[in-house]
Amino acid sequence: MNFNSLFKFLTQLNQNNSKDWMDKNRNWYKEVRDEYIGWLNDLDLALAAVDNEYYGTPGKKGINRINNNLMFHPNKPTYKDHFGAGLDKAPNTGDFYVEIGLSSSMLAGGIWRPDPKTLKSIREAIDYDGEELKKILNKKTFKETFGELVLDETLKKAPKGFSNDHPHIDLLRNKTFAVMHPLTQEEVLLPGFKEKVISIYMEMLPFRRYLNKAVTV
């Protein structure tokens, strides 16, 4: 994968963010997109080789649209400044997200702002064995890789059905359960980038499996 070409395309798109420009450069976009899908296909096979529970997700299935949803976010530009994709994308679970872009690149995973039923399942799992989740989050290499949970909306008080003095109240108040590892363009361009992605995937795996078990059992 020539990520230099991807960054060059995104730079030009960001400077000319319009449907007119995209229509004139549609072939260039398709070339970059197809190459990224090919890279995702290789990564998909590599992750399946190291994780026997991996849910096969070919690049074409995992890649996100480059168009912003202007119906819900009318003030955003027409097109995103990144290519994003979700892998290990089993139904009704949190995937492993790969984003390569101009303003930010990242590897992330977990469950972002789940619906009430899913959030309830996660909280029930934490109530039952929150120590296991804390053990995962507090692991030295995990903290070095991801830091804390992604900061998002939290409740000021305990959620319904739980007390304010619950031993895991710090987790129960969350509405999002996700972690993120930022990437620089320099890291993306290194020859061993795919191996780095695999390493971070494996570090994140116990966290994602904990959440996915909570919402599927």
# chains A, B, ... in the order shown; residues from 1 in each chain; ligands from 1
>>> select_by_dssp(residues="segment 47-183 of chain A", states="helix (DSSP H, G or I)", output="ChimeraX atom specification")
/A:47-50,59-62,116-138,140-146,169-172
>>> residues_around(residues="Ile136 of chain A", least_positions_apart="6", cutoff="8 Å", atoms="only C-alpha atoms", output="list in words")
Phe142, Pro206 and Phe207 of chain A
>>> write_last_selection(atoms="C-alpha atoms", output="PDB file, in the first residue's frame")
ATOM      1  CA  PHE A 142      -2.507  -1.610  27.816  1.00  0.00           C
ATOM      2  CA  PRO A 206      -9.152  -8.667  25.780  1.00  0.00           C
ATOM      3  CA  PHE A 207     -10.945  -5.321  26.190  1.00  0.00           C
TER       4      PHE A 207
END
>>> residues_around(residues="segment 113-118 of chain A", least_positions_apart="5", cutoff="8 Å", atoms="only C-alpha atoms", output="short mmCIF file (atom, residue, chain, number, x, y, z; two decimals) with N, CA, C and O atoms, in the first residue's frame")
data_model
loop_
_atom_site.label_atom_id
_atom_site.label_comp_id
_atom_site.auth_asym_id
_atom_site.auth_seq_id
_atom_site.Cartn_x
_atom_site.Cartn_y
_atom_site.Cartn_z
N LYS A 175 -20.98 6.36 29.14
CA LYS A 175 -21.93 6.05 28.07
C LYS A 175 -21.22 5.49 26.84
O LYS A 175 -21.86 5.02 25.91
N THR A 176 -19.89 5.59 26.84
CA THR A 176 -19.08 5.03 25.78
C THR A 176 -17.97 4.19 26.39
O THR A 176 -17.37 4.59 27.40
N PHE A 177 -17.70 3.04 25.78
CA PHE A 177 -16.63 2.17 26.25
C PHE A 177 -15.72 1.88 25.06
O PHE A 177 -15.96 0.96 24.28
N VAL A 215 -22.40 -8.04 25.61
CA VAL A 215 -23.58 -7.67 24.81
C VAL A 215 -24.15 -8.83 23.98
O VAL A 215 -25.18 -8.68 23.34
#
>>> residues_around(residues="segment 24-38 of chain A", least_positions_apart="4", cutoff="7 Å", atoms="only C-alpha atoms", output="list in words")
Met1, Leu6, Asp20, Asp42, Gly59 and Lys60 of chain A
>>> select_by_dssp(residues="segment 86-203 of chain A", states="strand (DSSP E)", output="ChimeraX atom specification")
/A:86-87,96-101,105-111,177-183
>>> residues_around(residues="Phe96 of chain A", least_positions_apart="4", cutoff="7 Å", atoms="only C-alpha atoms", output="NGL selection string")
:A and (86-88 or 108-109)
>>> write_last_selection(atoms="C-alpha atoms", output="mmCIF file, in the first residue's frame")
data_model
loop_
_atom_site.group_PDB
_atom_site.id
_atom_site.type_symbol
_atom_site.label_atom_id
_atom_site.label_comp_id
_atom_site.auth_asym_id
_atom_site.auth_seq_id
_atom_site.Cartn_x
_atom_site.Cartn_y
_atom_site.Cartn_z
ATOM 1 C CA GLY A 86 -14.053 -1.466 10.794
ATOM 2 C CA LEU A 87 -12.598 -4.989 10.974
ATOM 3 C CA ASP A 88 -13.523 -8.027 13.094
ATOM 4 C CA ALA A 108 -9.576 2.228 18.038
ATOM 5 C CA GLY A 109 -12.121 -0.230 19.317
#
>>> residues_around(residues="Pro58 of chain A", least_positions_apart="2", cutoff="7 Å", atoms="only C-alpha atoms", output="ChimeraX atom specification")
/A:40-41,44,56,60-62
>>> residues_around(residues="Lys134 of chain A", least_positions_apart="3", cutoff="12 Å", atoms="only C-alpha atoms", output="list in words")
Ile126, Asp127, Asp129, Gly130, Glu131, Leu137, Asn138, Lys139, Lys140, Phe142, Lys143, Glu148, Leu149, Pro167, His168, Ile169, Asp170, Leu171, Leu172, Pro206, Phe207 and Tyr210 of chain A
>>> atom_distance(atom1="atom CA of Asn16 of chain A", atom2="atom CA of Asn75 of chain A")
16.0 Å
>>> closest_residue(among="A:Thr216, A:Asn174, A:Asn92, A:Ser121", to="Val150 of chain A", atoms="only C-alpha atoms")
A:Asn174
>>> closest_residue(among="A:Ser163, A:Leu211, A:Trp39, A:Glu203", to="Ile111 of chain A", atoms="only C-alpha atoms")
A:Leu211
>>> atom_distance(atom1="atom CA of Ile63 of chain A", atom2="atom CA of Ala178 of chain A")
19.3 Å
>>> closest_residue(among="A:Val188, A:Ile66, A:Val197, A:Ala49", to="Asn17 of chain A", atoms="only C-alpha atoms")
A:Ile66
>>> atom_distance(atom1="atom CA of Leu183 of chain A", atom2="atom CA of Ala214 of chain A")
28.9 Å
